[in-house]
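Text of the file target-v6.cif, holding mmCIF, C-alpha atoms and all ligand atoms:
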```cif
data_final
loop_
_atom_site.label_atom_id
_atom_site.label_comp_id
_atom_site.auth_asym_id
_atom_site.auth_seq_id
_atom_site.Cartn_x
_atom_site.Cartn_y
_atom_site.Cartn_z
CA MET I 219 50.42 3.93 -41.68
CA ILE I 220 47.24 3.80 -43.78
CA LEU I 221 45.97 0.40 -44.90
CA ALA I 222 44.58 1.57 -48.27
CA GLY I 223 46.77 -0.09 -50.90
CA PHE I 224 49.32 -1.17 -48.26
CA THR I 225 49.66 -3.74 -45.57
CA HIS I 226 51.82 -4.40 -42.51
CA GLU I 227 52.87 -7.33 -40.42
CA PRO I 228 50.66 -6.88 -37.33
CA VAL I 229 47.47 -6.64 -39.41
CA VAL I 230 48.36 -9.74 -41.43
CA GLN I 231 49.17 -11.72 -38.30
CA LEU I 232 46.01 -10.57 -36.56
CA SER I 233 43.78 -11.34 -39.56
CA GLU I 234 45.21 -14.85 -39.89
CA ARG I 235 44.81 -15.46 -36.21
CA LEU I 236 41.23 -14.17 -36.10
CA ALA I 237 40.34 -16.34 -39.10
CA ARG I 238 41.65 -19.38 -37.20
CA ILE I 239 39.61 -18.76 -34.04
CA ALA I 240 36.39 -17.33 -35.55
CA PRO I 241 33.47 -19.55 -36.62
CA ALA I 242 34.28 -21.41 -39.85
CA GLY I 243 34.27 -19.58 -43.16
CA LEU I 244 35.03 -16.06 -41.89
CA GLY I 245 38.41 -15.68 -43.58
CA HIS I 246 38.37 -11.97 -44.46
CA CYS I 247 38.86 -9.00 -42.15
CA PHE I 248 37.98 -5.33 -42.65
CA TYR I 249 39.20 -3.00 -39.90
CA ALA I 250 38.05 0.21 -38.24
CA ALA I 251 38.60 1.77 -34.85
CA ASP I 252 35.23 1.48 -33.08
CA GLY I 253 32.26 -0.83 -32.89
CA SER I 254 29.76 1.46 -34.58
CA SER I 255 32.03 1.65 -37.66
CA ALA I 256 32.29 -2.15 -37.75
CA VAL I 257 28.49 -2.30 -37.90
CA GLU I 258 28.37 0.37 -40.63
CA ILE I 259 30.89 -1.64 -42.66
CA ALA I 260 28.76 -4.80 -42.38
CA LEU I 261 25.65 -2.87 -43.46
CA LYS I 262 27.32 -1.20 -46.44
CA MET I 263 29.03 -4.41 -47.50
CA SER I 264 25.82 -6.45 -47.33
CA PHE I 265 23.90 -3.81 -49.29
CA HIS I 266 26.69 -3.54 -51.89
CA TYR I 267 27.03 -7.32 -52.15
CA TRP I 268 23.40 -7.66 -53.24
CA ARG I 269 23.83 -4.83 -55.76
CA ASN I 270 26.92 -6.49 -57.22
CA ALA I 271 25.01 -9.78 -57.29
CA GLY I 272 22.28 -8.24 -59.47
CA ARG I 273 19.73 -8.06 -56.62
CA PRO I 274 19.43 -4.27 -56.16
CA HIS I 275 16.09 -4.50 -54.35
CA LYS I 276 17.64 -6.18 -51.32
CA THR I 277 18.29 -2.97 -49.39
CA GLY I 278 16.42 -3.38 -46.09
CA PHE I 279 17.62 -4.47 -42.67
CA VAL I 280 15.84 -6.28 -39.89
CA SER I 281 17.00 -6.39 -36.26
CA LEU I 282 15.68 -7.52 -32.89
CA ALA I 283 13.46 -5.46 -30.62
CA ASN I 284 15.45 -3.83 -27.82
CA GLY I 285 18.78 -4.33 -29.62
CA TYR I 286 21.74 -1.95 -29.60
CA HIS I 287 24.32 -1.63 -32.38
CA GLY I 288 26.05 1.72 -31.86
CA GLU I 289 25.62 5.45 -32.29
CA THR I 290 26.42 6.32 -35.92
CA LEU I 291 23.38 6.77 -38.15
CA GLY I 292 23.25 3.31 -39.73
CA ALA I 293 23.91 1.53 -36.45
CA LEU I 294 21.48 3.76 -34.57
CA ALA I 295 18.78 3.03 -37.16
CA LEU I 296 19.10 -0.69 -36.36
CA GLY I 297 18.99 -0.18 -32.63
CA ASP I 298 15.72 -0.16 -30.74
CA ILE I 299 16.39 1.87 -27.60
CA SER I 300 14.20 4.93 -27.89
CA LEU I 301 16.19 6.99 -25.36
CA PHE I 302 19.19 6.95 -27.72
CA LYS I 303 17.21 7.13 -30.92
CA ARG I 304 14.16 9.34 -30.70
CA THR I 305 15.92 12.72 -31.00
CA TYR I 306 17.47 11.67 -34.31
CA ALA I 307 14.49 9.75 -35.68
CA SER I 308 14.07 11.92 -38.78
CA LEU I 309 17.73 11.35 -39.74
CA LEU I 310 17.51 7.57 -39.65
CA THR I 311 16.72 5.11 -42.42
CA ARG I 312 13.76 2.84 -41.79
CA THR I 313 14.54 -0.64 -40.47
CA SER I 314 12.26 -3.44 -39.24
CA GLN I 315 12.28 -5.04 -35.80
CA VAL I 316 11.14 -8.54 -34.93
CA PRO I 317 10.34 -9.71 -31.38
CA SER I 318 13.29 -10.25 -29.05
CA PRO I 319 13.77 -13.80 -27.72
CA ASP I 320 14.82 -12.32 -24.31
CA GLY I 321 13.73 -15.01 -21.84
CA ARG I 322 12.14 -12.40 -19.55
CA ASN I 323 9.35 -11.99 -22.11
CA ALA I 324 8.34 -15.66 -22.05
CA GLU I 325 4.84 -16.64 -20.92
CA PRO I 326 4.63 -18.12 -17.42
CA GLY I 327 5.59 -21.79 -17.67
CA GLU I 328 7.16 -21.39 -21.11
CA ASN I 329 10.85 -22.32 -21.08
CA ASP I 330 13.53 -20.19 -22.75
CA GLU I 331 13.99 -22.59 -25.64
CA ALA I 332 10.28 -22.79 -26.46
CA PHE I 333 10.04 -19.01 -26.26
CA ALA I 334 13.11 -18.55 -28.49
CA LEU I 335 11.54 -20.84 -31.10
CA ARG I 336 8.23 -18.99 -30.89
CA CYS I 337 10.10 -15.72 -31.57
CA ALA I 338 11.92 -17.39 -34.46
CA GLY I 339 8.46 -18.10 -35.89
CA ALA I 340 7.84 -14.34 -35.99
CA LEU I 341 11.18 -13.89 -37.80
CA GLU I 342 10.16 -16.59 -40.28
CA ARG I 343 6.89 -14.81 -41.07
CA HIS I 344 8.76 -11.53 -41.51
CA LEU I 345 11.32 -13.02 -43.90
CA GLU I 346 8.68 -14.93 -45.80
CA ALA I 347 6.94 -11.64 -46.56
CA HIS I 348 9.99 -9.37 -47.01
CA HIS I 349 13.02 -11.40 -48.07
CA ALA I 350 13.02 -9.98 -51.60
CA GLU I 351 13.77 -6.51 -50.23
CA THR I 352 15.88 -7.55 -47.20
CA ALA I 353 19.68 -7.49 -47.26
CA ALA I 354 20.43 -8.73 -43.74
CA LEU I 355 19.29 -9.66 -40.27
CA VAL I 356 21.42 -8.01 -37.57
CA LEU I 357 21.48 -9.30 -34.00
CA GLU I 358 23.51 -9.49 -30.78
CA PRO I 359 24.09 -13.23 -30.21
CA LEU I 360 22.87 -14.59 -26.82
CA VAL I 361 22.92 -11.34 -24.82
CA GLN I 362 21.34 -8.00 -25.76
CA CYS I 363 23.63 -5.90 -23.65
CA ALA I 364 22.83 -2.16 -23.72
CA GLY I 365 19.11 -2.94 -23.98
CA GLY I 366 19.15 -4.38 -20.45
CA MET I 367 21.23 -7.58 -20.51
CA GLY I 368 18.44 -9.62 -22.06
CA MET I 369 19.63 -13.23 -22.41
CA TYR I 370 18.21 -15.81 -24.79
CA HIS I 371 18.47 -19.45 -25.80
CA PRO I 372 20.91 -20.42 -28.61
CA ALA I 373 18.03 -22.17 -30.42
CA TYR I 374 17.09 -18.72 -31.71
CA LEU I 375 20.48 -18.35 -33.40
CA ARG I 376 20.31 -21.80 -34.97
CA ARG I 377 16.88 -21.11 -36.34
CA SER I 378 17.76 -17.64 -37.62
CA ARG I 379 20.81 -19.06 -39.39
CA GLU I 380 18.57 -21.59 -41.17
CA LEU I 381 16.02 -18.93 -42.08
CA CYS I 382 18.66 -16.50 -43.40
CA SER I 383 20.13 -19.22 -45.60
CA ARG I 384 16.71 -20.32 -46.84
CA TYR I 385 15.60 -16.77 -47.68
CA GLU I 386 18.98 -15.51 -48.97
CA VAL I 387 19.39 -12.86 -46.31
CA HIS I 388 22.79 -12.17 -44.70
CA LEU I 389 23.17 -12.85 -41.00
CA ILE I 390 25.21 -10.11 -39.30
CA ALA I 391 26.34 -11.12 -35.79
CA ASP I 392 27.20 -8.08 -33.68
CA GLU I 393 29.55 -9.64 -31.10
CA ILE I 394 31.08 -6.28 -30.19
CA ALA I 395 30.02 -6.75 -26.56
CA VAL I 396 29.97 -10.56 -26.24
CA GLY I 397 32.98 -11.56 -28.37
CA PHE I 398 36.24 -12.68 -26.78
CA GLY I 399 34.89 -14.92 -24.09
CA ARG I 400 32.19 -12.82 -22.46
CA THR I 401 29.56 -15.58 -22.76
CA GLY I 402 31.99 -18.35 -21.84
CA THR I 403 33.01 -19.37 -25.36
CA MET I 404 35.38 -17.26 -27.45
CA PHE I 405 32.41 -16.19 -29.61
CA ALA I 406 28.75 -16.48 -28.60
CA CYS I 407 27.82 -17.95 -32.03
CA GLU I 408 29.81 -21.08 -31.10
CA GLN I 409 27.14 -22.02 -28.57
CA ALA I 410 24.65 -22.40 -31.41
CA GLN I 411 27.26 -23.99 -33.70
CA ILE I 412 26.57 -21.44 -36.39
CA ALA I 413 28.66 -19.11 -38.51
CA PRO I 414 27.23 -15.73 -39.55
CA ASP I 415 27.96 -14.06 -42.90
CA PHE I 416 29.42 -11.08 -41.06
CA LEU I 417 30.92 -10.97 -37.57
CA CYS I 418 31.49 -7.55 -35.95
CA LEU I 419 34.06 -7.40 -33.15
CA SER I 420 35.55 -4.63 -31.08
CA LYS I 421 35.51 -4.06 -27.28
CA GLY I 422 37.39 -7.21 -26.19
CA LEU I 423 39.46 -7.35 -29.39
CA SER I 424 42.27 -5.23 -27.95
CA ALA I 425 41.27 -5.99 -24.33
CA GLY I 426 40.15 -2.37 -24.12
CA TYR I 427 43.67 -0.93 -24.41
CA LEU I 428 43.52 0.68 -27.86
CA PRO I 429 40.65 1.50 -30.24
CA LEU I 430 40.20 -1.26 -32.82
CA SER I 431 37.33 -3.08 -34.51
CA VAL I 432 36.93 -5.59 -37.29
CA THR I 433 34.19 -6.87 -39.56
CA MET I 434 34.87 -10.44 -40.65
CA THR I 435 33.19 -12.02 -43.65
CA THR I 436 33.18 -14.96 -46.06
CA ASP I 437 34.80 -15.84 -49.39
CA ALA I 438 31.40 -15.44 -51.05
CA VAL I 439 31.08 -11.81 -49.90
CA TYR I 440 34.73 -11.03 -50.62
CA GLY I 441 34.41 -12.56 -54.11
CA ALA I 442 31.51 -10.28 -55.05
CA PHE I 443 33.81 -7.25 -54.75
CA TRP I 444 36.83 -8.70 -56.56
CA ASP I 445 36.64 -6.87 -59.88
CA ASP I 446 38.54 -4.48 -62.14
CA GLU I 447 35.52 -2.16 -62.16
CA VAL I 448 36.25 0.27 -59.32
CA THR I 449 32.62 0.94 -58.37
CA ARG I 450 32.13 -2.77 -57.68
CA GLY I 451 34.84 -2.46 -55.06
CA PHE I 452 34.20 -1.56 -51.43
CA LEU I 453 35.34 2.07 -51.26
CA HIS I 454 35.50 2.55 -47.53
CA SER I 455 38.38 3.31 -45.20
CA HIS I 456 39.16 5.14 -42.00
CA SER I 457 42.44 6.85 -41.05
CA TYR I 458 42.93 4.36 -38.24
CA SER I 459 41.71 1.21 -40.05
CA GLY I 460 43.96 -1.59 -38.86
CA ASN I 461 46.29 0.72 -36.94
CA PRO I 462 49.51 -1.29 -36.35
CA LEU I 463 49.83 -0.45 -32.67
CA ALA I 464 46.21 -1.42 -32.01
CA CYS I 465 46.74 -4.69 -33.94
CA ARG I 466 49.77 -5.45 -31.74
CA ALA I 467 47.63 -4.88 -28.64
CA ALA I 468 45.05 -7.33 -30.01
CA LEU I 469 47.77 -9.92 -30.71
CA ALA I 470 49.11 -9.52 -27.17
CA SER I 471 45.62 -10.03 -25.77
CA LEU I 472 45.14 -13.21 -27.84
CA ASP I 473 48.50 -14.47 -26.53
CA ILE I 474 47.21 -14.04 -22.98
CA PHE I 475 44.00 -15.92 -23.83
CA GLU I 476 46.15 -18.86 -24.93
CA HIS I 477 48.96 -18.84 -22.39
CA ASP I 478 46.77 -18.22 -19.34
CA SER I 479 43.89 -20.47 -20.53
CA VAL I 480 41.57 -17.55 -19.84
CA LEU I 481 38.38 -19.30 -20.98
CA ASP I 482 39.01 -22.26 -18.64
CA ALA I 483 39.86 -19.98 -15.74
CA ASN I 484 36.70 -17.98 -16.45
CA ARG I 485 34.57 -21.13 -16.17
CA ARG I 486 35.79 -21.41 -12.59
CA ARG I 487 35.17 -17.71 -12.02
CA THR I 488 31.64 -18.06 -13.37
CA ARG I 489 30.83 -20.86 -10.93
CA GLU I 490 32.45 -19.02 -8.05
CA LEU I 491 30.68 -15.71 -8.51
CA THR I 492 27.35 -17.38 -9.29
CA ASP I 493 27.60 -19.29 -6.00
CA LEU I 494 28.63 -16.21 -4.06
CA ALA I 495 25.75 -14.24 -5.59
CA ALA I 496 23.05 -16.62 -4.25
CA PRO I 497 21.93 -14.04 -1.63
CA ILE I 498 21.40 -11.49 -4.43
CA ARG I 499 19.29 -13.99 -6.39
CA GLU I 500 17.17 -14.62 -3.29
CA HIS I 501 16.89 -10.98 -2.26
CA PRO I 502 13.25 -9.82 -2.09
CA GLY I 503 14.07 -6.71 -4.13
CA VAL I 504 15.49 -8.73 -7.03
CA ARG I 505 13.81 -10.34 -10.07
CA HIS I 506 15.14 -12.27 -13.05
CA PHE I 507 18.62 -12.94 -11.69
CA ARG I 508 20.49 -14.33 -14.72
CA ASN I 509 23.96 -15.29 -15.84
CA ASN I 510 25.71 -16.13 -19.07
CA GLY I 511 29.47 -16.73 -18.88
CA MET I 512 31.06 -13.60 -17.43
CA ILE I 513 27.85 -11.54 -17.45
CA TRP I 514 25.47 -11.40 -14.47
CA ALA I 515 22.32 -9.28 -14.32
CA PHE I 516 19.15 -8.81 -12.32
CA ASP I 517 16.19 -6.45 -12.34
CA ALA I 518 15.52 -4.44 -9.19
CA VAL I 519 11.91 -4.28 -8.05
CA THR I 520 11.38 -0.53 -8.11
CA ALA I 521 9.09 2.08 -9.62
CA ASP I 522 11.60 4.89 -9.04
CA PRO I 523 12.50 6.59 -12.35
CA HIS I 524 15.79 7.71 -10.72
CA PHE I 525 16.76 4.22 -9.56
CA SER I 526 19.75 3.99 -11.88
CA ARG I 527 21.34 7.24 -10.69
CA LYS I 528 20.64 6.49 -7.00
CA PHE I 529 22.02 2.96 -7.27
CA PHE I 530 25.15 4.23 -9.02
CA ARG I 531 25.80 6.80 -6.26
CA GLU I 532 25.09 4.41 -3.40
CA ALA I 533 27.26 1.67 -4.95
CA LEU I 534 30.17 4.12 -5.28
CA SER I 535 30.07 4.61 -1.51
CA HIS I 536 30.60 0.82 -1.23
CA GLU I 537 33.63 1.01 -3.57
CA LEU I 538 31.72 -0.35 -6.57
CA LEU I 539 31.38 1.12 -10.05
CA LEU I 540 27.97 -0.16 -11.17
CA ARG I 541 25.88 1.59 -13.78
CA PRO I 542 22.39 0.10 -13.99
CA LEU I 543 20.51 0.19 -17.29
CA GLY I 544 17.17 1.47 -15.99
CA SER I 545 16.32 -0.97 -13.19
CA THR I 546 18.69 -3.66 -14.53
CA VAL I 547 21.87 -4.02 -12.49
CA TYR I 548 24.67 -5.94 -14.21
CA PHE I 549 28.19 -7.19 -13.56
CA MET I 550 30.66 -7.53 -16.45
CA PRO I 551 33.85 -7.87 -14.42
CA PRO I 552 37.33 -7.94 -15.94
CA TYR I 553 38.72 -11.46 -16.45
CA VAL I 554 41.25 -10.94 -13.67
CA ILE I 555 38.61 -10.65 -10.93
CA GLY I 556 39.62 -12.66 -7.84
CA ARG I 557 37.80 -14.09 -4.85
CA ASP I 558 38.20 -11.00 -2.64
CA GLU I 559 36.85 -8.70 -5.33
CA MET I 560 33.91 -11.03 -5.95
CA GLU I 561 33.06 -10.92 -2.24
CA LEU I 562 33.30 -7.13 -2.26
CA LEU I 563 31.06 -7.01 -5.34
CA VAL I 564 28.36 -9.20 -3.77
CA SER I 565 28.40 -7.62 -0.31
CA GLY I 566 28.46 -4.07 -1.73
CA THR I 567 25.57 -4.87 -4.07
CA LEU I 568 23.51 -6.27 -1.19
CA ARG I 569 24.25 -3.21 0.95
CA THR I 570 23.31 -0.94 -1.93
CA LEU I 571 20.02 -2.79 -2.50
CA ASP I 572 19.20 -2.60 1.21
CA ALA I 573 20.09 1.08 1.46
CA LEU I 574 17.80 1.91 -1.48
CA ARG I 575 14.91 -0.22 -0.31
CA GLY I 576 13.85 2.26 2.32
CA ASP I 577 14.09 4.88 -0.39
CA THR I 578 12.23 3.53 -3.41
C1 LIG L 1 29.39 -1.00 -27.70
C2 LIG L 1 28.58 -1.65 -28.77
C3 LIG L 1 28.54 -1.14 -30.08
C4 LIG L 1 29.19 0.15 -30.47
O1 LIG L 1 30.57 0.15 -30.31
P1 LIG L 1 31.33 1.56 -30.13
O2 LIG L 1 32.78 1.20 -30.09
O3 LIG L 1 30.84 2.14 -28.84
O4 LIG L 1 30.98 2.39 -31.31
C5 LIG L 1 27.83 -1.86 -31.04
N1 LIG L 1 27.20 -3.00 -30.74
C6 LIG L 1 27.22 -3.53 -29.50
C7 LIG L 1 26.53 -4.82 -29.24
C8 LIG L 1 27.89 -2.86 -28.47
O5 LIG L 1 27.87 -3.36 -27.23
#
```
Could you render the structure from this file as structure tokens?
Amino acid sequence: MILAGFTHEPVVQLSERLARIAPAGLGHCFYAADGSSAVEIALKMSFHYWRNAGRPHKTGFVSLANGYHGETLGALALGDISLFKRTYASLLTRTSQVPSPDGRNAEPGENDEAFALRCAGALERHLEAHHAETAALVLEPLVQCAGGMGMYHPAYLRRSRELCSRYEVHLIADEIAVGFGRTGTMFACEQAQIAPDFLCLSKGLSAGYLPLSVTMTTDAVYGAFWDDEVTRGFLHSHSYSGNPLACRAALASLDIFEHDSVLDANRRRTRELTDLAAPIREHPGVRHFRNNGMIWAFDAVTADPHFSRKFFREALSHELLLRPLGSTVYFMPPYVIGRDEMELLVSGTLRTLDALRGDT
């Protein structure tokens, strides 16, 4: 069942439901099957919006240092992780990066909020100079996941929303990793009380059961494409855009969120695991222990370039599947994790750290 020119009940139900729970104003849904495609759709739509609006010079994109937005060429061009990017550098369009508000980069004594606002100052200077040729700012709200679980203060989001509005630049929120409760609220943007112009969702959308992604946007963006002239329309579709079975899986997952009060239950889980993890936070081989909702991360004190591989192998022998990003170890447990599994996670992590300490 292709969505081009047709519709079906699951996609209508899902779109209406997403519009109800998403930050205000995001009433339109455009579907694909993976996160990278959702990002590509936001980029193409933003670019095409400005063209339709008679502002053809607004073609550039700005993103945060150390961000990650996917593997396809447009998404990869926005990302800032050289390991994934450098081989393909000559294929990628040029994008700009502004400093990441990741609290680990703060000066000693500077709190996360002050640091976030200082970074927003750098964004302001960038937009001041380049807004006329900038289509959108793209960022991962609150947690930069693949780049090492860098967490930052919501003040950065509030300020970037203001700056994007002032300078007429779209704000694209890539909540592919953090959407659907990962940071404690349904969407991370809620914690800054902002609504982006585009919201990209995937991973948690179908609870991981079937491939599905969506790019949500506003009436203003939708309206710019509503025209009899076909080239003003958004000519983009994928074979599996809005696949009915995948939409049903997403609806079933949203039912569970409601009926089982998953976000409330997760608040208890967050407290419980954070308490249990105190010995990890205090471990001499651990720096920057941090938590946001259902994400925990810390940086191991090590100079071993093979730390990640060694930690992964050692953790497996303690029944844990942990895949550090460089020296950053993180937990993103499923929302059904119980007390026993939390205890196993903490004790296995401590044993793994101790086993590697003699080694690194
Ligand atoms: C995983 C991820 C993507 C890419 O999604 P895929 O489904 O792997 O293409 C994009 N952005 C963020 C923040 C992600 O975590």
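Non-sequential neighbours of region 384-392 of chain I (distance at most 8 Å, separation of 2 or more positions within a chain, all atoms listed in the file) are Val257, Ala260, Ser264, His287, Leu345, Glu346, His349, Thr352, Ala353, Ala354, Leu355, Val356, Leu357, Glu358, Pro359, Ser378, Arg379, Glu380, Leu381, Cys382, Ile394, Ala395, Cys407, Pro414, Asp415, Phe416, Leu417, Cys418 and Leu419 of chain I.
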Next on the checklist: Excluding region 511-515 of chain I and its own-chain neighbours fewer than 5 positions away, which residues fall within 7 Å of it when counting only C-alpha atoms? Please give them as a ChimeraX atom specification.
Outcome noted: /I:367,400-402,488,546-550
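With distances restricted to only C-alpha atoms, I:Thr403 is the closest residue to Ser479 (chain I) from I:Thr403, I:Ser424, I:Ser459, I:Thr449.
Of note, CA of Arg487 (chain I) and CA of Gly422 (chain I) are spaced 17.8 Å apart.
Using only C-alpha atoms, the contacts of Ala340 (chain I) at a cut-off of 10 Å, with sequence neighbours closer than 6 positions omitted, comprise I:Val316, I:Pro317, I:Ser318, I:Glu346.
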Give me the chain I side of the contact with ligand LIG 1 (chain L), cut-off 10 Å, one line per residue showing its nearest atom pair and distance in Å at one decimal, counting all atoms listed in the file, sorted by chain and residue number, as CSV.
```
residue,atom,partner,partner_atom,distance
I:Ala250,CA,L:LIG1,O2,9.8
I:Ala251,CA,L:LIG1,O2,7.5
I:Asp252,CA,L:LIG1,O2,3.9
I:Gly253,CA,L:LIG1,O1,3.2
I:Ser254,CA,L:LIG1,O4,3.6
I:Ser255,CA,L:LIG1,O4,6.5
I:Ala256,CA,L:LIG1,O1,8.0
I:Val257,CA,L:LIG1,C5,6.9
I:Glu258,CA,L:LIG1,C5,9.9
I:Gly285,CA,L:LIG1,C7,7.8
I:Tyr286,CA,L:LIG1,C7,5.6
I:His287,CA,L:LIG1,N1,3.6
I:Gly288,CA,L:LIG1,C4,3.8
I:Glu289,CA,L:LIG1,O4,6.2
I:Thr290,CA,L:LIG1,O4,7.6
I:Ala293,CA,L:LIG1,C5,7.5
I:Leu294,CA,L:LIG1,C5,9.2
I:Gly297,CA,L:LIG1,N1,8.9
I:Leu357,CA,L:LIG1,C7,8.3
I:Glu358,CA,L:LIG1,C7,5.8
I:Pro359,CA,L:LIG1,C7,8.8
I:Val361,CA,L:LIG1,C7,8.7
I:Gln362,CA,L:LIG1,C7,7.0
I:Cys363,CA,L:LIG1,O5,6.1
I:Ala364,CA,L:LIG1,O5,6.3
I:Gly365,CA,L:LIG1,C7,9.3
I:Ala391,CA,L:LIG1,C7,9.1
I:Asp392,CA,L:LIG1,C7,5.5
I:Glu393,CA,L:LIG1,C7,6.0
I:Ile394,CA,L:LIG1,C6,4.8
I:Ala395,CA,L:LIG1,O5,4.1
I:Val396,CA,L:LIG1,C7,7.3
I:Gly397,CA,L:LIG1,C7,9.4
I:Cys418,CA,L:LIG1,N1,8.1
I:Leu419,CA,L:LIG1,N1,8.5
I:Ser420,CA,L:LIG1,O2,6.5
I:Lys421,CA,L:LIG1,O2,6.6
I:Pro429,CA,L:LIG1,O2,7.9
I:Leu430,CA,L:LIG1,O2,8.3
I:Ser431,CA,L:LIG1,O2,7.7
```
Next on the checklist: Calculated over all atoms listed in the file, which of the candidates I:His524, I:His226, I:Arg322, I:Arg235 has the smallest distance to Asp473 (chain I)?
Outcome noted: I:Arg235
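When only C-alpha atoms are used to compute distances to Glu447 (chain I), the closest of the residues I:Asn270, I:Leu428, I:Val280, I:Arg508 turns out to be I:Asn270.
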Next on the checklist: Calculated over only C-alpha atoms, which of the candidates I:Gln315, I:Cys465, I:Gly576, I:Asp558 has the smallest distance to Glu234 (chain I)?
Outcome noted: I:Cys465
Item to check | Of the listed residues I:Ala406, I:Ala237, I:Ala518, I:Met560, that which approaches Glu500 (chain I) most closely, counting only C-alpha atoms | outcome: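 Smallest distance to Glu500 (chain I) is found for I:Ala518.
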Next on the checklist: Can you tell me which residues surround Leu296 (chain I) at a distance of at most 7 Å, considering only C-alpha atoms, apart from same-chain residues fewer than 4 positions away, and format the answer as a PyMOL selection string?
Outcome noted: chain I and resi 281+287+292+313
Write the residues of the selection above to a file with C-alpha atoms, as a PDB file, in the frame of the given file.
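File produced: out.pdb:
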```pdb
ATOM      1  CA  SER I 281      17.000  -6.390 -36.260  1.00  0.00           C
ATOM      2  CA  HIS I 287      24.320  -1.630 -32.380  1.00  0.00           C
ATOM      3  CA  GLY I 292      23.250   3.310 -39.730  1.00  0.00           C
ATOM      4  CA  THR I 313      14.540  -0.640 -40.470  1.00  0.00           C
TER       5      THR I 313
END
```
Checklist entry - Between CA of Thr520 (chain I) and CA of Phe333 (chain I), what is the distance, to one decimal in Å? => result 25.9 Å
Checklist entry - For Phe248 (chain I), which residue among I:Arg304, I:Gly223, I:Arg569, I:Ser233 is the nearest when counting all atoms listed in the file? => result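 Among the listed residues, I:Ser233 lies closest to Phe248 (chain I).
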Next on the checklist: From (28.1, 2.2, -7.9), in the file's coordinates, out to 12 Å: which residues are reached, counting only C-alpha atoms? Answer as a count of residues only.
Outcome noted: 28
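One finds CA of Leu261 (chain I) at 15.3 Å from CA of Arg273 (chain I).
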